[in-house]
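Next comes start-v8.cif, a file with mmCIF, C-alpha atoms.
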```
data_start
#
loop_
_atom_site.group_PDB
_atom_site.id
_atom_site.type_symbol
_atom_site.label_atom_id
_atom_site.label_comp_id
_atom_site.auth_asym_id
_atom_site.auth_seq_id
_atom_site.Cartn_x
_atom_site.Cartn_y
_atom_site.Cartn_z
ATOM 1 C CA MET X 4 128.688 37.680 -3.243
ATOM 2 C CA THR X 5 127.183 37.103 0.218
ATOM 3 C CA ALA X 6 130.561 37.475 1.893
ATOM 4 C CA SER X 7 131.285 40.645 -0.098
ATOM 5 C CA LEU X 8 127.981 42.190 0.936
ATOM 6 C CA ALA X 9 128.734 41.317 4.552
ATOM 7 C CA VAL X 10 132.097 43.064 4.351
ATOM 8 C CA LEU X 11 130.495 46.096 2.645
ATOM 9 C CA THR X 12 127.844 46.324 5.380
ATOM 10 C CA ALA X 13 130.515 46.135 8.071
ATOM 11 C CA ALA X 14 132.529 48.858 6.332
ATOM 12 C CA LEU X 15 129.520 51.173 6.096
ATOM 13 C CA LEU X 16 128.778 50.666 9.788
ATOM 14 C CA ALA X 17 132.334 51.067 11.011
ATOM 15 C CA PHE X 18 133.425 53.816 8.612
ATOM 16 C CA HIS X 19 130.204 55.696 7.895
ATOM 17 C CA ARG X 20 132.056 58.981 8.466
ATOM 18 C CA ALA X 21 134.123 58.183 5.378
ATOM 19 C CA VAL X 22 131.072 58.289 3.112
ATOM 20 C CA PRO X 23 131.353 61.702 1.432
ATOM 21 C CA ASN X 24 128.784 64.395 2.092
ATOM 22 C CA GLY X 25 129.733 66.627 -0.806
ATOM 23 C CA VAL X 26 127.182 65.256 -3.280
ATOM 24 C CA GLY X 27 123.617 65.031 -2.043
ATOM 25 C CA ARG X 28 124.808 64.685 1.564
ATOM 26 C CA LEU X 29 124.912 60.912 1.151
ATOM 27 C CA GLY X 30 126.846 60.528 4.391
ATOM 28 C CA SER X 31 124.159 62.233 6.456
ATOM 29 C CA LEU X 32 121.451 60.238 4.669
ATOM 30 C CA LEU X 33 123.199 56.995 5.579
ATOM 31 C CA GLU X 34 123.682 58.117 9.175
ATOM 32 C CA ALA X 35 120.021 59.081 9.524
ATOM 33 C CA PHE X 36 119.101 55.408 9.215
ATOM 34 C CA LEU X 37 122.362 53.773 10.273
ATOM 35 C CA PRO X 38 120.926 51.283 12.821
ATOM 36 C CA TRP X 39 118.766 49.747 10.106
ATOM 37 C CA LEU X 40 121.849 48.438 8.323
ATOM 38 C CA GLY X 41 121.702 45.725 10.969
ATOM 39 C CA LEU X 42 118.801 44.175 9.062
ATOM 40 C CA ALA X 43 121.314 43.103 6.436
ATOM 41 C CA VAL X 44 122.792 40.593 8.896
ATOM 42 C CA PRO X 45 119.784 38.222 9.177
ATOM 43 C CA ALA X 46 119.090 38.580 5.451
ATOM 44 C CA LEU X 47 122.665 37.638 4.588
ATOM 45 C CA LEU X 48 122.594 34.869 7.193
ATOM 46 C CA VAL X 49 119.705 33.227 5.337
ATOM 47 C CA ALA X 50 121.614 33.525 2.073
ATOM 48 C CA ALA X 51 124.737 32.010 3.642
ATOM 49 C CA LEU X 52 122.786 29.098 5.085
ATOM 50 C CA VAL X 53 121.037 28.415 1.781
ATOM 51 C CA ARG X 54 124.393 28.359 -0.003
ATOM 52 C CA ARG X 55 126.045 26.480 2.888
ATOM 53 C CA SER X 56 128.943 28.887 2.664
ATOM 54 C CA ALA X 57 131.375 28.799 5.568
ATOM 55 C CA THR X 58 133.135 31.842 4.105
ATOM 56 C CA ALA X 59 129.936 33.874 4.093
ATOM 57 C CA LEU X 60 129.060 32.784 7.625
ATOM 58 C CA SER X 61 132.483 33.839 8.843
ATOM 59 C CA ALA X 62 132.214 37.179 7.039
ATOM 60 C CA LEU X 63 128.902 37.882 8.781
ATOM 61 C CA LEU X 64 130.767 38.203 12.057
ATOM 62 C CA LEU X 65 132.102 41.536 10.797
ATOM 63 C CA PRO X 66 128.797 43.445 10.399
ATOM 64 C CA ALA X 67 127.294 41.728 13.443
ATOM 65 C CA THR X 68 130.221 42.863 15.577
ATOM 66 C CA ALA X 69 130.219 46.382 14.131
ATOM 67 C CA TRP X 70 126.491 46.771 14.802
ATOM 68 C CA ALA X 71 126.836 45.425 18.344
ATOM 69 C CA VAL X 72 129.645 47.869 19.121
ATOM 70 C CA LEU X 73 127.700 50.857 17.768
ATOM 71 C CA PHE X 74 124.196 50.065 18.963
ATOM 72 C CA GLY X 75 124.197 46.981 21.173
ATOM 73 C CA GLY X 76 124.545 48.997 24.372
ATOM 74 C CA LEU X 77 121.300 50.827 23.643
ATOM 75 C CA LEU X 78 119.412 47.534 23.923
ATOM 76 C CA LEU X 79 120.726 46.686 27.371
ATOM 77 C CA PRO X 80 118.337 47.243 30.292
ATOM 78 C CA SER X 81 118.857 50.403 32.284
ATOM 79 C CA GLY X 82 120.650 50.095 35.565
ATOM 80 C CA GLY X 83 117.729 51.728 37.360
ATOM 81 C CA GLY X 84 118.737 53.330 40.615
ATOM 82 C CA PRO X 85 118.397 56.948 41.704
ATOM 83 C CA HIS X 86 118.297 59.872 39.323
ATOM 84 C CA ASP X 87 117.908 63.608 39.763
ATOM 85 C CA LEU X 88 115.461 64.583 37.029
ATOM 86 C CA THR X 89 112.995 63.098 34.591
ATOM 87 C CA ALA X 90 112.570 65.083 31.400
ATOM 88 C CA VAL X 91 109.967 64.720 28.668
ATOM 89 C CA GLN X 92 110.427 66.162 25.194
ATOM 90 C CA GLN X 93 107.910 66.287 22.325
ATOM 91 C CA ASN X 94 107.234 68.047 19.091
ATOM 92 C CA VAL X 95 103.509 68.327 19.753
ATOM 93 C CA SER X 96 102.681 69.260 16.110
ATOM 94 C CA ASP X 97 101.031 72.468 15.045
ATOM 95 C CA GLU X 98 98.157 70.325 13.709
ATOM 96 C CA ASN X 99 97.566 68.435 16.964
ATOM 97 C CA PRO X 100 93.777 68.033 17.400
ATOM 98 C CA ASP X 101 93.974 67.298 21.146
ATOM 99 C CA PRO X 102 96.442 69.518 23.048
ATOM 100 C CA ALA X 103 94.754 68.811 26.391
ATOM 101 C CA GLY X 104 95.004 65.059 25.864
ATOM 102 C CA THR X 105 98.628 65.419 24.829
ATOM 103 C CA ALA X 106 99.465 67.351 27.991
ATOM 104 C CA ALA X 107 97.715 64.729 30.123
ATOM 105 C CA ALA X 108 99.714 61.969 28.431
ATOM 106 C CA LEU X 109 103.012 63.738 29.163
ATOM 107 C CA LEU X 110 102.102 64.174 32.824
ATOM 108 C CA ARG X 111 101.776 60.408 33.277
ATOM 109 C CA ALA X 112 105.572 60.137 33.101
ATOM 110 C CA ALA X 113 105.829 62.309 36.253
ATOM 111 C CA PRO X 114 108.468 64.571 34.680
ATOM 112 C CA ASP X 115 110.360 67.403 36.320
ATOM 113 C CA LEU X 116 110.920 69.152 32.984
ATOM 114 C CA VAL X 117 108.692 69.238 29.902
ATOM 115 C CA ALA X 118 109.914 70.702 26.610
ATOM 116 C CA LEU X 119 107.489 71.283 23.741
ATOM 117 C CA GLU X 120 107.958 72.372 20.138
ATOM 118 C CA GLU X 121 105.523 73.557 17.450
ATOM 119 C CA LEU X 122 103.430 75.454 19.955
ATOM 120 C CA THR X 123 100.761 77.536 18.235
ATOM 121 C CA PRO X 124 99.016 80.640 19.613
ATOM 122 C CA ALA X 125 95.745 78.707 19.727
ATOM 123 C CA ALA X 126 97.128 75.651 21.516
ATOM 124 C CA LEU X 127 99.515 77.398 23.927
ATOM 125 C CA PRO X 128 96.820 78.431 26.465
ATOM 126 C CA VAL X 129 95.572 74.836 26.534
ATOM 127 C CA TYR X 130 99.029 73.449 27.330
ATOM 128 C CA ALA X 131 99.661 76.188 29.874
ATOM 129 C CA SER X 132 96.401 75.464 31.671
ATOM 130 C CA ALA X 133 96.831 71.684 31.628
ATOM 131 C CA LEU X 134 100.398 71.832 32.938
ATOM 132 C CA ALA X 135 100.032 74.691 35.423
ATOM 133 C CA ALA X 136 99.108 72.591 38.463
ATOM 134 C CA GLU X 137 102.224 70.400 38.205
ATOM 135 C CA PHE X 138 104.649 72.979 36.839
ATOM 136 C CA PRO X 139 104.573 76.405 38.515
ATOM 137 C CA HIS X 140 107.393 77.704 36.307
ATOM 138 C CA HIS X 141 107.396 77.945 32.535
ATOM 139 C CA ALA X 142 108.816 79.966 29.661
ATOM 140 C CA VAL X 143 107.885 80.236 26.000
ATOM 141 C CA GLU X 144 109.872 81.771 23.158
ATOM 142 C CA GLY X 145 108.304 81.638 19.716
ATOM 143 C CA THR X 146 107.099 78.082 19.101
ATOM 144 C CA VAL X 147 109.097 76.329 21.853
ATOM 145 C CA GLY X 148 108.395 76.153 25.566
ATOM 146 C CA LEU X 149 109.749 74.751 28.823
ATOM 147 C CA TRP X 150 107.741 73.771 31.912
ATOM 148 C CA SER X 151 109.586 73.077 35.171
ATOM 149 C CA ARG X 152 108.904 72.029 38.753
ATOM 150 C CA HIS X 153 111.889 74.151 39.763
ATOM 151 C CA PRO X 154 112.341 77.934 39.442
ATOM 152 C CA LEU X 155 113.587 79.338 36.150
ATOM 153 C CA THR X 156 116.171 82.106 35.812
ATOM 154 C CA GLU X 157 117.749 84.086 32.977
ATOM 155 C CA VAL X 158 115.326 82.949 30.309
ATOM 156 C CA ARG X 159 116.251 84.155 26.851
ATOM 157 C CA ARG X 160 115.542 83.484 23.222
ATOM 158 C CA LEU X 161 118.220 81.644 21.267
ATOM 159 C CA ASP X 162 119.079 82.977 17.825
ATOM 160 C CA ILE X 163 119.412 79.761 15.824
ATOM 161 C CA LYS X 164 117.705 81.047 12.673
ATOM 162 C CA PRO X 165 119.545 80.052 9.480
ATOM 163 C CA ALA X 166 120.161 82.572 6.741
ATOM 164 C CA GLY X 167 117.324 82.871 4.264
ATOM 165 C CA ILE X 168 114.524 82.203 6.751
ATOM 166 C CA GLY X 169 112.170 85.115 7.306
ATOM 167 C CA GLU X 170 111.738 87.166 10.442
ATOM 168 C CA GLY X 171 109.448 85.788 13.117
ATOM 169 C CA TRP X 172 111.075 82.340 13.027
ATOM 170 C CA SER X 173 111.907 81.612 16.683
ATOM 171 C CA ARG X 174 112.619 78.049 17.724
ATOM 172 C CA GLY X 175 115.050 78.153 20.611
ATOM 173 C CA LEU X 176 115.246 79.167 24.247
ATOM 174 C CA ARG X 177 117.683 78.940 27.116
ATOM 175 C CA ALA X 178 116.700 78.950 30.792
ATOM 176 C CA GLY X 179 118.496 78.451 34.060
ATOM 177 C CA VAL X 180 116.795 75.906 36.332
ATOM 178 C CA ARG X 181 117.415 75.977 40.093
ATOM 179 C CA THR X 182 117.385 72.304 41.043
ATOM 180 C CA PRO X 183 118.097 70.864 44.504
ATOM 181 C CA ARG X 184 121.534 69.938 43.108
ATOM 182 C CA GLY X 185 122.273 73.474 41.963
ATOM 183 C CA GLU X 186 121.524 75.614 38.940
ATOM 184 C CA ILE X 187 121.665 74.041 35.502
ATOM 185 C CA ALA X 188 121.083 75.365 31.985
ATOM 186 C CA VAL X 189 118.269 73.860 29.934
ATOM 187 C CA TYR X 190 118.051 74.488 26.202
ATOM 188 C CA VAL X 191 114.956 73.802 24.112
ATOM 189 C CA ALA X 192 115.331 73.821 20.341
ATOM 190 C CA HIS X 193 113.568 72.848 17.147
ATOM 191 C CA LEU X 194 115.973 72.701 14.218
ATOM 192 C CA PRO X 195 114.767 73.075 10.607
ATOM 193 C CA SER X 196 113.376 70.056 8.811
ATOM 194 C CA VAL X 197 115.346 67.956 6.352
ATOM 195 C CA ARG X 198 114.082 66.623 3.028
ATOM 196 C CA ILE X 199 114.942 63.712 0.761
ATOM 197 C CA ARG X 200 114.843 64.998 -2.812
ATOM 198 C CA PRO X 201 115.981 63.627 -6.195
ATOM 199 C CA SER X 202 119.119 65.729 -5.761
ATOM 200 C CA GLY X 203 119.876 64.081 -2.416
ATOM 201 C CA PHE X 204 119.472 64.739 1.281
ATOM 202 C CA SER X 205 118.665 68.405 1.921
ATOM 203 C CA SER X 206 119.898 69.374 5.387
ATOM 204 C CA GLY X 207 121.694 72.685 4.887
ATOM 205 C CA PRO X 208 119.417 74.904 7.044
ATOM 206 C CA ARG X 209 119.343 72.306 9.801
ATOM 207 C CA ASP X 210 123.117 72.013 9.792
ATOM 208 C CA GLU X 211 123.472 75.806 9.936
ATOM 209 C CA SER X 212 121.042 75.984 12.846
ATOM 210 C CA ALA X 213 122.969 73.197 14.608
ATOM 211 C CA ASP X 214 126.156 75.274 14.246
ATOM 212 C CA LEU X 215 124.481 78.252 15.912
ATOM 213 C CA LEU X 216 123.061 76.110 18.706
ATOM 214 C CA GLY X 217 126.418 74.416 19.243
ATOM 215 C CA ALA X 218 128.104 77.806 19.607
ATOM 216 C CA ALA X 219 125.519 78.830 22.202
ATOM 217 C CA VAL X 220 126.127 75.635 24.183
ATOM 218 C CA ALA X 221 129.890 76.147 23.981
ATOM 219 C CA ALA X 222 129.488 79.645 25.421
ATOM 220 C CA GLU X 223 127.217 78.531 28.282
ATOM 221 C CA ARG X 224 128.658 79.652 31.618
ATOM 222 C CA LEU X 225 126.996 76.930 33.709
ATOM 223 C CA ASP X 226 128.730 73.573 33.803
ATOM 224 C CA THR X 227 125.624 71.405 33.514
ATOM 225 C CA VAL X 228 123.579 71.631 30.330
ATOM 226 C CA ILE X 229 120.507 69.682 29.195
ATOM 227 C CA LEU X 230 119.373 70.055 25.600
ATOM 228 C CA LEU X 231 115.807 68.977 24.824
ATOM 229 C CA GLY X 232 114.512 69.277 21.304
ATOM 230 C CA ASP X 233 113.418 68.095 17.918
ATOM 231 C CA LEU X 234 116.777 68.222 16.192
ATOM 232 C CA ASN X 235 115.539 66.639 12.957
ATOM 233 C CA GLY X 236 118.506 64.293 13.016
ATOM 234 C CA THR X 237 119.934 61.295 14.824
ATOM 235 C CA VAL X 238 122.989 61.430 17.056
ATOM 236 C CA ASP X 239 124.914 59.555 14.331
ATOM 237 C CA ASP X 240 124.237 62.265 11.728
ATOM 238 C CA ARG X 241 127.394 64.311 11.194
ATOM 239 C CA GLY X 242 125.218 67.375 10.587
ATOM 240 C CA LEU X 243 124.620 67.475 14.344
ATOM 241 C CA ALA X 244 128.331 67.228 15.166
ATOM 242 C CA PRO X 245 128.398 70.804 16.586
ATOM 243 C CA LEU X 246 126.092 69.415 19.294
ATOM 244 C CA THR X 247 127.124 65.783 19.652
ATOM 245 C CA SER X 248 130.779 66.799 19.940
ATOM 246 C CA ARG X 249 129.907 68.907 22.991
ATOM 247 C CA LEU X 250 127.065 66.932 24.561
ATOM 248 C CA ARG X 251 126.529 63.322 25.603
ATOM 249 C CA ALA X 252 123.870 61.058 24.132
ATOM 250 C CA PRO X 253 121.845 58.541 26.189
ATOM 251 C CA ARG X 254 123.576 55.317 27.181
ATOM 252 C CA ARG X 255 120.474 53.122 27.080
ATOM 253 C CA GLY X 256 117.316 53.036 25.007
ATOM 254 C CA VAL X 257 116.507 53.112 21.293
ATOM 255 C CA ALA X 258 113.399 55.335 21.563
ATOM 256 C CA PHE X 259 112.584 55.816 17.896
ATOM 257 C CA SER X 260 110.236 58.808 17.940
ATOM 258 C CA TRP X 261 109.333 59.596 14.325
ATOM 259 C CA PRO X 262 106.992 59.136 12.585
ATOM 260 C CA ALA X 263 104.579 58.241 15.382
ATOM 261 C CA ALA X 264 102.625 55.777 13.248
ATOM 262 C CA LEU X 265 105.727 53.707 12.414
ATOM 263 C CA PRO X 266 108.813 55.061 14.198
ATOM 264 C CA VAL X 267 112.056 54.473 12.322
ATOM 265 C CA SER X 268 114.331 57.142 13.798
ATOM 266 C CA ARG X 269 114.948 59.113 16.983
ATOM 267 C CA ILE X 270 115.150 62.728 15.926
ATOM 268 C CA ASP X 271 113.818 64.001 19.273
ATOM 269 C CA GLN X 272 116.824 64.217 21.546
ATOM 270 C CA VAL X 273 117.906 64.588 25.158
ATOM 271 C CA LEU X 274 121.600 65.494 25.246
ATOM 272 C CA THR X 275 123.659 66.571 28.253
ATOM 273 C CA ARG X 276 126.895 68.105 29.495
ATOM 274 C CA SER X 277 128.138 67.313 33.020
ATOM 275 C CA ALA X 278 125.131 65.029 33.391
ATOM 276 C CA THR X 279 124.185 61.528 32.310
ATOM 277 C CA VAL X 280 121.053 60.255 30.602
ATOM 278 C CA ALA X 281 120.829 56.770 32.090
ATOM 279 C CA ASP X 282 118.051 55.686 29.746
ATOM 280 C CA VAL X 283 115.575 57.108 27.285
ATOM 281 C CA TRP X 284 112.231 55.738 26.136
ATOM 282 C CA THR X 285 109.129 56.758 24.229
ATOM 283 C CA LEU X 286 105.670 57.360 25.668
ATOM 284 C CA PRO X 287 102.410 56.305 23.989
ATOM 285 C CA ALA X 288 101.309 58.213 20.909
ATOM 286 C CA THR X 289 99.428 61.487 21.274
ATOM 287 C CA GLY X 290 97.841 63.723 18.646
ATOM 288 C CA SER X 291 101.284 64.522 17.212
ATOM 289 C CA ASP X 292 103.269 62.900 14.426
ATOM 290 C CA HIS X 293 106.150 62.554 16.922
ATOM 291 C CA LEU X 294 106.168 60.253 19.936
ATOM 292 C CA PRO X 295 107.077 61.852 23.271
ATOM 293 C CA VAL X 296 110.559 60.968 24.521
ATOM 294 C CA ALA X 297 111.284 60.637 28.252
ATOM 295 C CA ALA X 298 114.659 60.417 29.954
ATOM 296 C CA ARG X 299 116.068 59.874 33.424
ATOM 297 C CA ILE X 300 118.949 62.234 34.097
ATOM 298 C CA THR X 301 121.648 62.164 36.760
ATOM 299 C CA LEU X 302 123.391 65.489 37.312
ATOM 300 C CA GLY X 303 127.149 65.743 37.684
ATOM 301 C CA GLY X 304 129.942 63.820 36.026
ATOM 302 C CA SER X 305 132.173 64.604 33.083
#
```
Could I get this file's structure written as structure tokens?
Amino acid sequence: MTASLAVLTAALLAFHRAVPNGVGRLGSLLEAFLPWLGLAVPALLVAALVRRSATALSALLLPATAWAVLFGGLLLPSGGGPHDLTAVQQNVSDENPDPAGTAAALLRAAPDLVALEELTPAALPVYASALAAEFPHHAVEGTVGLWSRHPLTEVRRLDIKPAGIGEGWSRGLRAGVRTPRGEIAVYVAHLPSVRIRPSGFSSGPRDESADLLGAAVAAERLDTVILLGDLNGTVDDRGLAPLTSRLRAPRRGVAFSWPAALPVSRIDQVLTRSATVADVWTLPATGSDHLPVAARITLGGS
């Protein structure tokens, strides 16, 4: 039994894309928490040792290897070295009781770019005032905003609204940023929430919004793209394939960002095209239910 469970765990890790999504989106649900399957390895190791089973111990090499291949690199220390930009991304929560304190916390990371989601009309002036001294350039569309040390160009709203959502829903923007290394495109997005219901994993609106955002990225004329946002999904979730198939995920760092009280998943993402996220990490908790995510970015590359 222990050996069989080890083989099953390895199969789920290595072939998670084979888990069907037709009923209750079970595949996406598995992928939302895929790294946690690694906890089966120490549990099964204890069982194998208690039973003194050489077969079970040998079988445990399969899930351990699969987990290491998928996620081991994220645990390695960053190479450090020079980078071109530091970006900070946070869903600041529309119920945040301390916008000024949140802004101050984000500034401690000395970012060049700050992307915020769930901006409210009441809190927006507070963020704008707190960030103005460090960031002379900013843009806001609906409930998302971008603050930059470098000039912004061609700012526009992104239409990523799924069908069935009422007018006034605006959660995406695109802006050109004139960096010392040339102009890049920065996207800020907040995809619809997902829900776990008795019928399964409900992610249809998010997946539809991801399709629209992926099409916008594909049509982007500038080579270098940075996407900052609360995507309500992990980079393993096939529902975000329209984005993860076109953009690169960070090479280093786990950075679980949600929920802030006990983070179990990174749904706040920094993805790039023709740029590299060398490492990603979380900042201390603010008044939001999401932790801020920071990333060091090197421009250029495939």
Worksheet item: If you apply the PyMOL selection byres ((chain X and resi 183) around 12) to this file, what residues do you get, as a PyMOL selection string?
Response: chain X and resi 87-88+115+152-154+180-182+184-187+302
Item to complete: With a distance cut-off of 9 Å and all atoms listed in the file, select the neighbouring residues of region 28-36 of chain X, excluding the residue or stretch itself and same-chain residues fewer than 3 positions from it, and output the selection as a count of residues only.
Response: 25
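Relative to CA of Tyr130 (chain X), CA of Ala142 (chain X) is found at 12.0 Å.
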Worksheet item: So what do you get for CA of Gly148 (chain X) versus CA of Pro85 (chain X), distance-wise?
Response: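 Taking CA of Gly148 (chain X) and CA of Pro85 (chain X), their separation equals 27.0 Å.
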Tell me, as a tab-separated table (two decimals) with C-alpha atoms, in the frame of the given file, which residues lie within 8 Å of Leu116 (chain X), counting only C-alpha atoms; anything in the same chain fewer than 2 positions away does not count.
```
chain	number	residue	atom	x	y	z
X	88	LEU	CA	115.46	64.58	37.03
X	89	THR	CA	113.00	63.10	34.59
X	90	ALA	CA	112.57	65.08	31.40
X	91	VAL	CA	109.97	64.72	28.67
X	114	PRO	CA	108.47	64.57	34.68
X	118	ALA	CA	109.91	70.70	26.61
X	149	LEU	CA	109.75	74.75	28.82
X	150	TRP	CA	107.74	73.77	31.91
X	151	SER	CA	109.59	73.08	35.17
X	152	ARG	CA	108.90	72.03	38.75
```
Worksheet item: What is the CA of Val280 (chain X) to CA of Arg299 (chain X) distance in Å?
Response: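 Atom-to-atom, CA of Val280 (chain X) and CA of Arg299 (chain X) are spaced 5.7 Å apart.
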Response to the item:
Ala62 (chain X) proximity check over X:Ser81, X:Ala9, X:Ser202, X:Val26, using only C-alpha atoms: winner is X:Ala9
If the PyMOL selection byres ((chain X and resi 144) around 10) is run on the structure shown, which residues does it catch, given as a PDB file with C-alpha atoms, in the coordinates of the input?
```pdb
ATOM      1  CA  LEU X 122     103.430  75.454  19.955  1.00  0.00           C
ATOM      2  CA  ALA X 142     108.816  79.966  29.661  1.00  0.00           C
ATOM      3  CA  VAL X 143     107.885  80.236  26.000  1.00  0.00           C
ATOM      4  CA  GLY X 145     108.304  81.638  19.716  1.00  0.00           C
ATOM      5  CA  THR X 146     107.099  78.082  19.101  1.00  0.00           C
ATOM      6  CA  VAL X 147     109.097  76.329  21.853  1.00  0.00           C
ATOM      7  CA  GLY X 148     108.395  76.153  25.566  1.00  0.00           C
ATOM      8  CA  LEU X 149     109.749  74.751  28.823  1.00  0.00           C
ATOM      9  CA  VAL X 158     115.326  82.949  30.309  1.00  0.00           C
ATOM     10  CA  ARG X 159     116.251  84.155  26.851  1.00  0.00           C
ATOM     11  CA  ARG X 160     115.542  83.484  23.222  1.00  0.00           C
ATOM     12  CA  LEU X 161     118.220  81.644  21.267  1.00  0.00           C
ATOM     13  CA  SER X 173     111.907  81.612  16.683  1.00  0.00           C
ATOM     14  CA  ARG X 174     112.619  78.049  17.724  1.00  0.00           C
ATOM     15  CA  GLY X 175     115.050  78.153  20.611  1.00  0.00           C
ATOM     16  CA  LEU X 176     115.246  79.167  24.247  1.00  0.00           C
ATOM     17  CA  ARG X 177     117.683  78.940  27.116  1.00  0.00           C
ATOM     18  CA  VAL X 191     114.956  73.802  24.112  1.00  0.00           C
TER      19      VAL X 191
END
```
Result set of the PyMOL selection byres ((chain X and resi 72-80) around 7) on the coordinates above, as a compact mmCIF listing (two decimals) with C-alpha atoms, keeping the file's coordinate frame:
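Ended up saving to result-v6.txt:
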```txt
# COMPACT_ATOMS: atom_id res chain seq x y z
CA THR X 68 130.22 42.86 15.58
CA ALA X 69 130.22 46.38 14.13
CA TRP X 70 126.49 46.77 14.80
CA ALA X 71 126.84 45.42 18.34
CA SER X 81 118.86 50.40 32.28
CA GLY X 82 120.65 50.10 35.56
CA ARG X 254 123.58 55.32 27.18
CA ARG X 255 120.47 53.12 27.08
CA GLY X 256 117.32 53.04 25.01
CA VAL X 257 116.51 53.11 21.29
```
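Ranking X:Val228, X:Val197, X:Ala57, X:Leu52 by their shortest atom-to-atom distance to Ala278 (chain X), with only C-alpha atoms included, puts X:Val228 first.
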Take every atom of region 206-223 of chain X listed in the file, pad by 5 Å on each side, and give me the axis-aligned box centre and edge lengths in Å, one decimal, as AutoDock Vina command-line options.
```
--center_x 124.6 --center_y 74.5 --center_z 16.6 --size_x 20.5 --size_y 20.3 --size_z 33.4
```
Worksheet item: With all atoms listed in the file as the basis for distance, which of X:Ala219, X:Gln92, X:Pro245, X:Ala131 is at the shortest distance from Val283 (chain X)?
Response: X:Gln92
